[in-house]
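K.L.:
The structure's right below; bear with me while I get my questions together.
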Amino acid sequence: MLVKPSRRAAAALAGLGLLLVGCAKDAPQDTFRPAGENARDIDGLQRPLFYVAGVVGLIVFAFIGYAMWKFRDRGQEIPEQSHGNPKLEIVLTVLPAVILAAFAVPAVSQVFALDKSDNECVINVTGQQWWWEYDYEKGSTCGGVEIPESIVTAGELVIPADTPVLLRITSRDVIHSFWIPRLNGKRDAVPGRLHTLRMHADEPGIYVGQCTEFCGLSHARMRQAAVALDTADFQAWVDNQLAPYQAPAEGTLAAEGESEYAAQCSRCHQVNGLTDDSGNPVLAEPDQSVLAGAAPNLTNLMTRTAFAGWTFDLISDECRDRLWNEPSETFGDVYLQGVWMYTPADATTPACFNELNLREWLRNPPAMKPMYTDPDKLEATDGLTRGMPNLNLTDEQIEVLVAYLLERK
Amino acid sequence: MFTTGSKLLFGASALSLVTALVYAWSTEGALSSAGTLGLLSLFVIFAFLGGVNYANRDCNVSSMDEAAVDTAAAAQRPGASSVWPAVVALGIAGLVVGAVSKPAVFKVAVVVLLAGLVEWMVLGWSERAGGDAAFNADTRRRMLHPLEFPVLGALALGAIVYAFSRLMLRLDKDQGRIAFGVVAALVLAGAFLFAGKRKPSKRAVLGISTVAAIALLGAGVASALQGQRSIDEHPTTRTDTEVCLQVGADEEIDADATQSVSATSNLVANIYLKADGSLVAHVSGYPDEARAQLTVPRRAQVNLLFHNESDEAQRLTARTGEGEDESLVCTAAVEEGDQAFLSFQAVRGGVLLVPGLVGGEIELLVP
Ligand SMILES: [Cu+2]
């Protein structure tokens, strides 16, 4: 029986609709828009392969369609049945084999080419449930910029633009996978193993990514970004990261926040340069509280644009849109101002600070991002949490802590 | 007489009536209680449906044929007596026993019960599939053999593997050689026997196989009961202070240490003790560069490979933290030209050192 034309049209329309769903306009994690050498190499490989595969696919479907039409049931006799056709079978085996063998040459050589070892910057990347930590080695140089002291950050990987960067990736707990689609393929982070991944961004800008190995409860909220800066801006970023600690002015909310921070947060989080009453450095001991043995370093929290597995914005939606669309010449300038970006010079409060998100986080982190922190359910880990627990802070405590954190820039 | 369908419904109706009476009686006679009323309604409904079925003879044309009541497939006497009701009963008993003793018994009983039920149902159905007993038996076989054979095969295989594994865990090196030498010889002898001119009878083959299977299972169970042999350990990583700072090899402690390493990829670094007495790190990311410094993430597993290229046995020690927090991890003494793995986690920075080697230390940074 033939399908009525109207039904056929409806089916075609539905199919087309489905197809169009694939055409997202605003897709920051689009592998088809490579923004660096490695990603471009991969793209340059996958496109011709896709075209050839597409043509083969079309030919196959055309044959199938033709056969279905030509031999459709019109009540005719069943034709003579035959079995086997050696000539055809050999051709149909050899042809794909030849095509695949031809593909294997560029594909395999590309795999090795992506593993080249020339690099001008080495950064350690460590995954844990559910955020990424980056550390820059003391005494190394990164795109010509000296790193005189270790730098530790979280979520946002800052790299020099137009520089081959090598990530040394591992994990503190389960297997994660690091992926910035516009810069390169993905690489698993496996505890006890060290995997390397090359990064290269042509131009300053922000490149978004996501953990791509299922890693438990908040896997979906384990995101990351790479931020590329030109050499001068990268130098400025490094200087800022290593700038000496600025204690809050006495009598301010932030000063109250400092002691609140020391009491509540410093057992897990590190703020470099913070000292106790007798002048000894306050050193975090996250391994006493957190299963992975680490919590994000908060020394320069306000230089990042998102937090907690790069999931919640630290800047407002508007500012984020503006920053992401900033041309590469001005991007670094804006980015380096952190939450103070787009703030008029005479203003006293930052225009872009997403205070609401930070407050919500401090009020009840596991409500915002699912984590294993319920004290009644931590027997399996001997009381160690995976993620940040609810500290039952009061409004006043949150107030002063936010004031203190706002100065960590 | 009664058609098959109406028999079921009349039976259900009668059951409802009986339960209604029992219920009414056991709850002290309240005829108007919801339970009694519900059961009585069921009695009426089933009786009505049964009557309808009976009146139109199950809507089954062939059942209009009075004679078919005795000749139809469904009226066939079941074949030979079956073992499955007994298996099901065993399963139910197992459930009860399991419920009060061990969960494992309960789980096994569930499996037995389900298997018994499935077999019984298919058997009951197939015995009435047609009028011919041979056809019925064949139907059952076609339904269940594809299920039974793989499961039985897997069980048999599992038993063999289990028996072998227990046996091998029980025997030590020398006993293992003897035992499996004998077994191999027996297999060889058997092969000669079977391949020889005079073919052994089927019964002989069956007998020998049975004896072999029982022997294997018996040996397996016996070894499982005796437990594993004690397995010697050859520790390659140590954390005791005296050892980790000891120069050169220790006769006693290092005697059995393994001197070969299989995992050589994806290391954080290769550490070389050179012939000239220098200690250097080759770190991925810094090709062709001998470094005197290594940065590792805090509290992450760090795997290093120590290559001893000097001319005497030496160990590599990681010393991290200070004062009370100081912790030491080291390899066993590594013979000249050999390698060892050093695996540790560091919370604070420190050094990698070779005890007794002056000046050659690698700075270990933990940011
Ligand atoms: Cu993850």
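In the structure tokens, chains take the letters A, B, ... in the order shown, each chain's residues start at 1, and ligands count up from 1 in the order shown.
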When DSSP is applied to the backbone of this structure, which of region 186-295 of chain B are assigned helix (DSSP H, G or I)? Write them out as a PyMOL selection string.

P.N.:
chain B and resi 186-195+202-226+241-244

K.L.:
Residues at most 7 Å from region 336-351 of chain A, counting only C-alpha atoms, excluding those fewer than 3 positions away in the same chain, as an NGL selection string?

P.N.:
:A and (237 or 302-305 or 315 or 332-333)

K.L.:
Region 286-295 of chain B: which residues within 6 Å, counting only C-alpha atoms, same-chain residues fewer than 4 positions away excluded, as a VMD selection string?

P.N.:
chain B and resid 280 to 282 362 to 366

K.L.:
Within 8 Å of ligand 1, counting only C-alpha atoms and all ligand atoms: which residues, as a list in words?

P.N.:
Gly127, Gln128, Gln129, Trp130, Trp131, Val174, Ile175, His176, Ser177, Cys211, Thr212, Glu213, Phe214, Cys215, Gly216, Ser218, His219 and Met222 of chain A

K.L.:
Show me, as JSON lines, the residues of chain A having an atom within 8 Å of chain B, each with the closest atom pair and its distance in Å, using only C-alpha atoms.

P.N.:
```
{"residue": "A:Ser117", "atom": "CA", "partner": "B:Gly285", "partner_atom": "CA", "distance": 7.0}
{"residue": "A:Asn119", "atom": "CA", "partner": "B:Gly285", "partner_atom": "CA", "distance": 7.4}
{"residue": "A:Val122", "atom": "CA", "partner": "B:Gly285", "partner_atom": "CA", "distance": 6.3}
{"residue": "A:Asn124", "atom": "CA", "partner": "B:Pro297", "partner_atom": "CA", "distance": 7.6}
{"residue": "A:Thr126", "atom": "CA", "partner": "B:Pro297", "partner_atom": "CA", "distance": 7.2}
{"residue": "A:Asp135", "atom": "CA", "partner": "B:Pro367", "partner_atom": "CA", "distance": 7.3}
{"residue": "A:Glu137", "atom": "CA", "partner": "B:Thr295", "partner_atom": "CA", "distance": 6.1}
{"residue": "A:Lys138", "atom": "CA", "partner": "B:Thr295", "partner_atom": "CA", "distance": 7.8}
{"residue": "A:Ser150", "atom": "CA", "partner": "B:Pro367", "partner_atom": "CA", "distance": 5.9}
{"residue": "A:Ile151", "atom": "CA", "partner": "B:Pro367", "partner_atom": "CA", "distance": 7.3}
{"residue": "A:Val152", "atom": "CA", "partner": "B:Pro367", "partner_atom": "CA", "distance": 6.9}
{"residue": "A:Leu166", "atom": "CA", "partner": "B:Gly285", "partner_atom": "CA", "distance": 6.5}
{"residue": "A:Arg168", "atom": "CA", "partner": "B:Gly285", "partner_atom": "CA", "distance": 7.5}
{"residue": "A:Ser171", "atom": "CA", "partner": "B:Ala300", "partner_atom": "CA", "distance": 6.9}
{"residue": "A:Arg172", "atom": "CA", "partner": "B:Ala300", "partner_atom": "CA", "distance": 4.9}
{"residue": "A:Pro191", "atom": "CA", "partner": "B:Gln301", "partner_atom": "CA", "distance": 6.3}
{"residue": "A:Gly192", "atom": "CA", "partner": "B:Gln301", "partner_atom": "CA", "distance": 4.7}
{"residue": "A:Arg193", "atom": "CA", "partner": "B:Asn266", "partner_atom": "CA", "distance": 5.2}
{"residue": "A:Leu194", "atom": "CA", "partner": "B:Asn266", "partner_atom": "CA", "distance": 4.8}
{"residue": "A:His195", "atom": "CA", "partner": "B:Asn266", "partner_atom": "CA", "distance": 6.1}
{"residue": "A:Thr196", "atom": "CA", "partner": "B:Gly285", "partner_atom": "CA", "distance": 7.9}
{"residue": "A:Asp287", "atom": "CA", "partner": "B:Arg299", "partner_atom": "CA", "distance": 7.4}
{"residue": "A:Ala292", "atom": "CA", "partner": "B:Arg299", "partner_atom": "CA", "distance": 7.6}
{"residue": "A:Gly293", "atom": "CA", "partner": "B:Arg299", "partner_atom": "CA", "distance": 5.8}
{"residue": "A:Ala294", "atom": "CA", "partner": "B:Arg299", "partner_atom": "CA", "distance": 7.5}
```

K.L.:
I'd like the interatomic distance between CA of Leu352 (chain B) and CA of Ser278 (chain B), to a tenth of an Å.

P.N.:
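So the answer is 12.2 Å.
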